[in-house]
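Colleague: Dumping the structure here so I can ask a few things about it.
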Amino acid sequence: MSTRERTAQAALAEAAAAAGQAPSVHNTQPWRWRVTADALDLYAVRDRQLDAGDPEGRLLTLSCGAALDHAVVALAAEGWATRVSRLPDPADADHLARITVTGRVPVTAAAMRRFQAVRLRHTDRRPAGDVPAAPEAVGAIAAAAAAHGVDLHLLTRDQVLDLAAGASRADRVEAGDDAQRAELVAWTGGDRPDGTGVPDAVIPERAPETTVPGRDFAHAGTLPIGDGHDKAATYAVLYGPGDEAADWLRAGEALSAGWLAATAQGIAVLPYSSVVEQPAIRAALRHAIADVGYPYLVLRLGTADPDAAGPPHTPRLPAGRTVEVADG
Ligand SMILES: Cc1cc2nc3c(=O)[nH]c(=O)nc-3n(C[C@H](O)[C@H](O)[C@H](O)COP(=O)(O)O)c2cc1C
């Protein structure tokens with residue numbers, strides 16, 4: 001193997017490790033990377049799929065799409081140009097993408113800023129602050145998502161009330177389903193020493209007084225929250241033209257790009273996936289966006305709660321569990 005190939009392979013392995021910081025549903029990190037001399041292959045890990053809450057794997061694929069974008073961002077910050085092929089093997093639906101290194105490029109300030117945001121980004125389940133996200137910041141988030149062919153529909157006040165009703169209904173469905181309840185218990189709460197799942201430290205100590213209820217984790221966590229609400233928050237639906245695995249992967253890439261842009265602008269993000277998990281509630285959401293596309297996820301965008309300290313970072317699996325470097 002030449003020195004250049006060795007350098008590329010080391011950069012690919014580092015990018016795969018950095019992609020471990022990507023957001024994923026219930027912090028399942030349902031991905032595996034295989035590093036070769038000039039490519040990085042991304043596979044879905046079905047053992048970490050939420051079989052009850054996400055039987056089709058749409059949230060798993062969205063999560064893997066976010067990891068895919070994180071890896072590309074990490075490589076760009078090291079001056080590597082890349083080409084991405086999505087679902088490259090028709091015989092293997094779990095082979096979600098291949099990133100190939102195509103050469104060296106100058107590192108731009110924007111590429112550096114995006115990579116810095118990878119380390120800072122986190123989910124914020126506290127109430128939103130009273131200051132709305134600036135329209136320019138929301139525009140930057142929408143533009144980052146649009147670069148991946150995914151749009152952001154900003155919900156009107158009436159649509160937010162419908163969303164609140166949908167979120168409450170989704171919580172009731174989940175609470176009444178033994179398998180989904182068991183999944184919630186398995187993936188959330190406690191300290192999460194194995195590096196997966198949502199620890200108590202990032203779950204609010206009490207339910208915030210928000211119009212749209214956050215996901216019901218069925219128990220209180222230890223994250224201190226202020227008395228704020230979500231009156232100044234912007235709720236947005238990420239949506240796109242198709243509703244198949246390739247579309248969910250793109251949606252995940254757009255989620256990552258939009259969330260990194262939000263982080264760079266100081267905007268706090270909270271995803272809402274319970275409303276897309278149930279087909280009937282997802283259909284209502286599709287209707288709310290006038291059937292212009294398929295909804296992938298709802299995002300709450302806002303300024304951070306000024307009355308309480310930010311949440312700590314959620315733990316991650318060690319890179320050795322998700323990244324395999326091929327010999328050669
Ligand atoms: C597809 C997807 C769906 C998610 N849905 C929710 C949700 O409904 N409620 C919630 O509180 N967090 C949700 N999250 C946030 C994850 O729980 C979070 O990304 C994960 O625990 C890792 O934490 P971090 O984002 O702070 O790094 C979702 C994330 C993704 C990628």
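To be explicit about the labels: the chains of the structure tokens are called A, B, and onward in the order shown, and within each one the residues are counted from 1, while ligands get numbers from 1 in the order they are shown.
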Could you give me, as a VMD selection string, the residues within 7 Å of Tyr294 (chain A), counting only C-alpha atoms and dropping anything in the same chain fewer than 5 positions from it?
Modeller: chain A and resid 239 to 243 286
Colleague: Using only C-alpha atoms and all ligand atoms, which residues have at least one atom no more than 9 Å from ligand 1? Output them as JSON, numbers by chain.
Modeller: {"A": [21, 22, 23, 24, 25, 26, 27, 28, 29, 58, 59, 60, 61, 62, 63, 64, 65, 66, 120, 121, 122, 123, 124, 125, 188, 196, 197, 198, 199, 202, 203, 214, 215, 216, 217, 252, 255, 256, 269, 270, 271, 272, 273, 274, 275, 296, 297, 298, 311, 312, 313, 314, 315, 316]}
Colleague: From the set A:Val131, A:Ala170, A:Ala146, A:Val72, which residue has the shortest atom-to-atom contact distance to Gly53 (chain A), counting only C-alpha atoms?
Modeller: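 The closest residue to Gly53 (chain A) is A:Ala170.
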Colleague: Would you mind telling me which residue in A:Val35, A:Ala207, A:Leu299, A:Val173 lies nearest to Gly228 (chain A) when using only C-alpha atoms?
Modeller: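 Closest residue, counting only C-alpha atoms: A:Ala207.
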Colleague: Quick one: pull the distance between CA of Arg32 (chain A) and CA of Val101 (chain A), Å, one decimal.
Modeller: 18.4 Å
Colleague: Could you please write out, as a compact mmCIF listing (two decimals) with N, CA, C and O atoms, in the first residue's frame, every residue of region 60-244 of chain A that DSSP assigns to helix (DSSP H, G or I)?
Modeller:
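The resulting result23.txt:
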# COMPACT_ATOMS: atom_id res chain seq x y z
N LEU A 60 -33.95 4.28 11.85
CA LEU A 60 -32.60 3.70 11.77
C LEU A 60 -31.87 4.29 10.57
O LEU A 60 -30.71 4.71 10.66
N THR A 61 -32.55 4.34 9.42
CA THR A 61 -31.89 4.82 8.19
C THR A 61 -31.61 6.32 8.28
O THR A 61 -30.55 6.78 7.84
N LEU A 62 -32.55 7.07 8.88
CA LEU A 62 -32.30 8.51 9.11
C LEU A 62 -31.04 8.69 9.97
O LEU A 62 -30.19 9.54 9.68
N SER A 63 -30.94 7.88 11.02
CA SER A 63 -29.79 7.99 11.92
C SER A 63 -28.49 7.68 11.16
O SER A 63 -27.48 8.39 11.31
N CYS A 64 -28.53 6.64 10.33
CA CYS A 64 -27.33 6.28 9.54
C CYS A 64 -27.00 7.39 8.54
O CYS A 64 -25.82 7.67 8.28
N GLY A 65 -28.03 8.04 7.98
CA GLY A 65 -27.78 9.16 7.07
C GLY A 65 -27.07 10.30 7.78
O GLY A 65 -26.18 10.95 7.22
N ALA A 66 -27.44 10.52 9.05
CA ALA A 66 -26.77 11.58 9.82
C ALA A 66 -25.30 11.21 10.02
O ALA A 66 -24.41 12.07 9.90
N ALA A 67 -25.03 9.94 10.30
CA ALA A 67 -23.64 9.50 10.47
C ALA A 67 -22.87 9.66 9.15
O ALA A 67 -21.70 10.05 9.14
N LEU A 68 -23.55 9.35 8.03
CA LEU A 68 -22.91 9.49 6.71
C LEU A 68 -22.47 10.94 6.48
O LEU A 68 -21.33 11.21 6.09
N ASP A 69 -23.37 11.88 6.75
CA ASP A 69 -23.00 13.30 6.55
C ASP A 69 -21.88 13.71 7.51
O ASP A 69 -20.97 14.44 7.12
N HIS A 70 -21.94 13.23 8.75
CA HIS A 70 -20.87 13.55 9.71
C HIS A 70 -19.51 13.09 9.17
O HIS A 70 -18.51 13.79 9.30
N ALA A 71 -19.47 11.89 8.57
CA ALA A 71 -18.19 11.37 8.06
C ALA A 71 -17.68 12.25 6.91
O ALA A 71 -16.48 12.57 6.83
N VAL A 72 -18.59 12.66 6.02
CA VAL A 72 -18.19 13.51 4.89
C VAL A 72 -17.67 14.86 5.41
O VAL A 72 -16.67 15.40 4.92
N VAL A 73 -18.35 15.39 6.43
CA VAL A 73 -17.92 16.67 7.04
C VAL A 73 -16.51 16.52 7.64
O VAL A 73 -15.64 17.39 7.47
N ALA A 74 -16.27 15.40 8.32
CA ALA A 74 -14.95 15.17 8.94
C ALA A 74 -13.87 15.08 7.86
O ALA A 74 -12.76 15.62 8.02
N LEU A 75 -14.16 14.42 6.74
CA LEU A 75 -13.17 14.28 5.67
C LEU A 75 -12.90 15.63 5.00
O LEU A 75 -11.75 15.97 4.70
N ALA A 76 -13.95 16.43 4.80
CA ALA A 76 -13.77 17.75 4.18
C ALA A 76 -12.89 18.64 5.05
O ALA A 76 -12.07 19.42 4.55
N ALA A 77 -13.02 18.50 6.37
CA ALA A 77 -12.22 19.32 7.29
C ALA A 77 -10.75 18.90 7.27
O ALA A 77 -9.88 19.64 7.73
N ALA A 109 -12.88 27.60 5.40
CA ALA A 109 -13.29 27.99 6.76
C ALA A 109 -14.65 27.37 7.08
O ALA A 109 -14.91 26.94 8.20
N ALA A 110 -15.53 27.30 6.06
CA ALA A 110 -16.87 26.73 6.29
C ALA A 110 -16.75 25.25 6.66
O ALA A 110 -17.46 24.76 7.54
N ALA A 111 -15.81 24.54 6.00
CA ALA A 111 -15.63 23.11 6.31
C ALA A 111 -15.14 22.95 7.74
O ALA A 111 -15.57 22.04 8.47
N MET A 112 -14.24 23.83 8.16
CA MET A 112 -13.73 23.76 9.55
C MET A 112 -14.86 24.03 10.54
O MET A 112 -14.97 23.36 11.56
N ARG A 113 -15.69 25.04 10.23
CA ARG A 113 -16.78 25.40 11.16
C ARG A 113 -17.78 24.24 11.29
O ARG A 113 -18.25 23.94 12.37
N ARG A 114 -18.05 23.59 10.14
CA ARG A 114 -18.99 22.45 10.20
C ARG A 114 -18.44 21.35 11.10
O ARG A 114 -19.15 20.75 11.88
N PHE A 115 -17.12 21.09 10.98
CA PHE A 115 -16.54 20.01 11.78
C PHE A 115 -16.50 20.39 13.27
O PHE A 115 -16.71 19.55 14.14
N GLN A 116 -16.25 21.69 13.54
CA GLN A 116 -16.29 22.12 14.95
C GLN A 116 -17.68 21.87 15.54
O GLN A 116 -17.83 21.49 16.69
N ALA A 117 -18.71 22.08 14.71
CA ALA A 117 -20.08 21.90 15.19
C ALA A 117 -20.37 20.43 15.53
O ALA A 117 -21.20 20.14 16.39
N VAL A 118 -19.65 19.49 14.87
CA VAL A 118 -19.84 18.06 15.17
C VAL A 118 -19.57 17.82 16.66
O VAL A 118 -20.28 17.06 17.33
N ARG A 119 -18.52 18.48 17.19
CA ARG A 119 -18.15 18.25 18.59
C ARG A 119 -19.10 18.96 19.56
O ARG A 119 -19.21 18.58 20.72
N LEU A 120 -19.76 20.03 19.10
CA LEU A 120 -20.61 20.84 20.00
C LEU A 120 -22.08 20.42 19.97
O LEU A 120 -22.82 20.64 20.91
N PRO A 135 -34.74 34.68 11.74
CA PRO A 135 -35.11 34.14 10.41
C PRO A 135 -33.88 33.76 9.58
O PRO A 135 -33.91 32.78 8.84
N GLU A 136 -32.77 34.54 9.72
CA GLU A 136 -31.56 34.21 8.94
C GLU A 136 -31.01 32.86 9.38
O GLU A 136 -30.52 32.07 8.56
N ALA A 137 -31.08 32.59 10.70
CA ALA A 137 -30.56 31.31 11.20
C ALA A 137 -31.43 30.16 10.69
O ALA A 137 -30.93 29.13 10.23
N VAL A 138 -32.76 30.35 10.72
CA VAL A 138 -33.65 29.30 10.22
C VAL A 138 -33.41 29.10 8.72
O VAL A 138 -33.39 27.97 8.22
N GLY A 139 -33.16 30.22 8.02
CA GLY A 139 -32.87 30.14 6.58
C GLY A 139 -31.60 29.34 6.32
O GLY A 139 -31.54 28.53 5.38
N ALA A 140 -30.58 29.52 7.17
CA ALA A 140 -29.32 28.79 6.99
C ALA A 140 -29.53 27.30 7.22
O ALA A 140 -28.95 26.45 6.53
N ILE A 141 -30.39 26.97 8.19
CA ILE A 141 -30.68 25.55 8.48
C ILE A 141 -31.42 24.93 7.29
O ILE A 141 -31.09 23.84 6.83
N ALA A 142 -32.41 25.68 6.77
CA ALA A 142 -33.19 25.17 5.63
C ALA A 142 -32.29 25.00 4.40
O ALA A 142 -32.40 24.01 3.67
N ALA A 143 -31.36 25.93 4.21
CA ALA A 143 -30.47 25.84 3.03
C ALA A 143 -29.55 24.62 3.16
O ALA A 143 -29.29 23.93 2.16
N ALA A 144 -29.08 24.35 4.38
CA ALA A 144 -28.19 23.19 4.58
C ALA A 144 -28.95 21.90 4.27
O ALA A 144 -28.41 20.98 3.65
N ALA A 145 -30.22 21.83 4.68
CA ALA A 145 -31.02 20.63 4.40
C ALA A 145 -31.33 20.54 2.91
O ALA A 145 -31.26 19.45 2.31
N ALA A 146 -31.64 21.69 2.30
CA ALA A 146 -32.01 21.70 0.88
C ALA A 146 -30.87 21.21 -0.01
O ALA A 146 -31.11 20.64 -1.08
N ARG A 157 -49.06 28.55 13.69
CA ARG A 157 -49.53 28.37 15.08
C ARG A 157 -50.59 27.26 15.15
O ARG A 157 -50.55 26.40 16.01
N ASP A 158 -51.55 27.27 14.20
CA ASP A 158 -52.60 26.24 14.22
C ASP A 158 -52.02 24.86 13.98
O ASP A 158 -52.45 23.87 14.58
N GLN A 159 -51.04 24.79 13.08
CA GLN A 159 -50.42 23.49 12.79
C GLN A 159 -49.64 22.98 14.00
O GLN A 159 -49.55 21.78 14.23
N VAL A 160 -49.08 23.93 14.80
CA VAL A 160 -48.37 23.52 16.01
C VAL A 160 -49.35 22.89 17.00
O VAL A 160 -49.04 21.89 17.67
N LEU A 161 -50.57 23.43 17.06
CA LEU A 161 -51.58 22.84 17.97
C LEU A 161 -51.95 21.43 17.50
O LEU A 161 -52.10 20.51 18.31
N ASP A 162 -52.05 21.24 16.18
CA ASP A 162 -52.31 19.89 15.65
C ASP A 162 -51.15 18.96 15.97
O ASP A 162 -51.34 17.79 16.31
N LEU A 163 -49.93 19.50 15.87
CA LEU A 163 -48.75 18.69 16.18
C LEU A 163 -48.78 18.27 17.65
O LEU A 163 -48.47 17.11 17.99
N ALA A 164 -49.17 19.20 18.52
CA ALA A 164 -49.24 18.89 19.96
C ALA A 164 -50.22 17.74 20.20
O ALA A 164 -49.93 16.80 20.96
N ALA A 165 -51.37 17.79 19.49
CA ALA A 165 -52.36 16.72 19.65
C ALA A 165 -51.78 15.40 19.13
O ALA A 165 -51.94 14.34 19.76
N GLY A 166 -51.07 15.46 18.00
CA GLY A 166 -50.46 14.25 17.43
C GLY A 166 -49.41 13.66 18.35
O GLY A 166 -49.32 12.44 18.54
N ALA A 167 -48.60 14.54 18.97
CA ALA A 167 -47.54 14.06 19.86
C ALA A 167 -48.14 13.39 21.10
O ALA A 167 -47.65 12.35 21.55
N SER A 168 -49.24 13.96 21.63
CA SER A 168 -49.89 13.36 22.80
C SER A 168 -50.47 12.00 22.43
O SER A 168 -50.37 11.02 23.18
N ARG A 169 -51.07 11.95 21.23
CA ARG A 169 -51.67 10.69 20.77
C ARG A 169 -50.58 9.62 20.60
O ARG A 169 -50.74 8.47 21.00
N ALA A 170 -49.45 10.03 20.03
CA ALA A 170 -48.35 9.09 19.81
C ALA A 170 -47.85 8.55 21.15
O ALA A 170 -47.56 7.35 21.28
N ASP A 171 -47.77 9.43 22.15
CA ASP A 171 -47.32 8.99 23.48
C ASP A 171 -48.28 7.96 24.06
O ASP A 171 -47.86 6.98 24.68
N ARG A 172 -49.60 8.20 23.85
CA ARG A 172 -50.60 7.27 24.40
C ARG A 172 -50.48 5.91 23.72
O ARG A 172 -50.54 4.87 24.37
N VAL A 173 -50.29 5.94 22.39
CA VAL A 173 -50.16 4.67 21.65
C VAL A 173 -48.95 3.91 22.18
O VAL A 173 -49.00 2.71 22.47
N GLU A 174 -47.83 4.64 22.34
CA GLU A 174 -46.59 4.00 22.80
C GLU A 174 -46.77 3.42 24.20
O GLU A 174 -46.37 2.29 24.49
N ALA A 175 -47.44 4.22 25.08
CA ALA A 175 -47.61 3.77 26.47
C ALA A 175 -48.50 2.53 26.54
O ALA A 175 -48.37 1.71 27.46
N ASP A 178 -47.07 -2.90 24.86
CA ASP A 178 -46.07 -3.53 25.74
C ASP A 178 -44.68 -3.55 25.10
O ASP A 178 -43.68 -3.27 25.76
N ALA A 179 -44.63 -3.89 23.80
CA ALA A 179 -43.32 -4.03 23.15
C ALA A 179 -42.62 -2.68 23.07
O ALA A 179 -41.40 -2.57 23.32
N GLN A 180 -43.38 -1.63 22.76
CA GLN A 180 -42.76 -0.29 22.67
C GLN A 180 -42.32 0.20 24.04
O GLN A 180 -41.28 0.84 24.19
N ARG A 181 -43.14 -0.13 25.07
CA ARG A 181 -42.76 0.28 26.43
C ARG A 181 -41.47 -0.41 26.85
O ARG A 181 -40.57 0.19 27.43
N ALA A 182 -41.37 -1.70 26.51
CA ALA A 182 -40.17 -2.46 26.89
C ALA A 182 -38.94 -1.88 26.18
O ALA A 182 -37.85 -1.79 26.76
N GLU A 183 -39.14 -1.46 24.93
CA GLU A 183 -38.03 -0.88 24.17
C GLU A 183 -37.56 0.44 24.81
O GLU A 183 -36.36 0.70 24.92
N LEU A 184 -38.55 1.24 25.26
CA LEU A 184 -38.22 2.51 25.90
C LEU A 184 -37.41 2.27 27.18
O LEU A 184 -36.41 2.95 27.44
N VAL A 185 -37.84 1.27 27.95
CA VAL A 185 -37.12 0.96 29.20
C VAL A 185 -35.70 0.48 28.88
O VAL A 185 -34.73 0.85 29.54
N ALA A 186 -35.58 -0.33 27.81
CA ALA A 186 -34.26 -0.88 27.48
C ALA A 186 -33.28 0.19 27.00
O ALA A 186 -32.08 0.10 27.24
N TRP A 187 -33.81 1.22 26.32
CA TRP A 187 -32.91 2.18 25.67
C TRP A 187 -32.78 3.52 26.40
O TRP A 187 -32.01 4.38 25.96
N ASP A 200 -30.28 9.40 32.03
CA ASP A 200 -31.13 10.31 32.82
C ASP A 200 -30.61 11.75 32.79
O ASP A 200 -31.39 12.69 32.90
N ALA A 201 -29.29 11.91 32.66
CA ALA A 201 -28.70 13.25 32.73
C ALA A 201 -29.17 14.18 31.61
O ALA A 201 -29.04 15.40 31.73
N VAL A 202 -29.75 13.63 30.51
CA VAL A 202 -30.23 14.51 29.42
C VAL A 202 -31.76 14.48 29.32
O VAL A 202 -32.34 15.05 28.39
Colleague: Residues at most 6 Å from Pro30 (chain A), counting only C-alpha atoms, excluding those fewer than 2 positions away in the same chain, as a ChimeraX atom specification?
Modeller: /A:28,44-45,48
Colleague: Any idea what's packed within 7 Å of Leu42 (chain A), counting only C-alpha atoms, ignoring anything in its chain fewer than 4 positions away? Could you give it as a ChimeraX atom specification?
Modeller: /A:31-34,95-98
Colleague: Taking only C-alpha atoms into account, name the residue in A:Ala220, A:Ala326, A:Glu277, A:Ala288 that is nearest to Leu50 (chain A).
Modeller: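 When distances to Leu50 (chain A) are compared using only C-alpha atoms, the smallest one comes from A:Glu277.
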Colleague: Calculated over only C-alpha atoms, which of the candidates A:Ile281, A:Thr222, A:Arg206, A:Thr100 has the smallest distance to Gly189 (chain A)?
Modeller: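 Distance minimum relative to Gly189 (chain A) lands on A:Thr222.
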Colleague: Take CA of Asp151 (chain A) and CA of Ala19 (chain A) and report the distance between them in Å, one decimal.
Modeller: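 CA of Ala19 (chain A) lies at a distance of 23.2 Å from CA of Asp151 (chain A).
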Colleague: One decimal, Å: what's the distance from CA of Trp259 (chain A) over to CA of Asp247 (chain A), could you say?
Modeller: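 CA of Trp259 (chain A) sits 17.9 Å away from CA of Asp247 (chain A).
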Colleague: Which one of A:Ile267, A:Ile225, A:Ala232, A:Val107 sits closest to Arg126 (chain A) if you count only C-alpha atoms?
Modeller: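 Of all the options, A:Ile225 lies closest to Arg126 (chain A).
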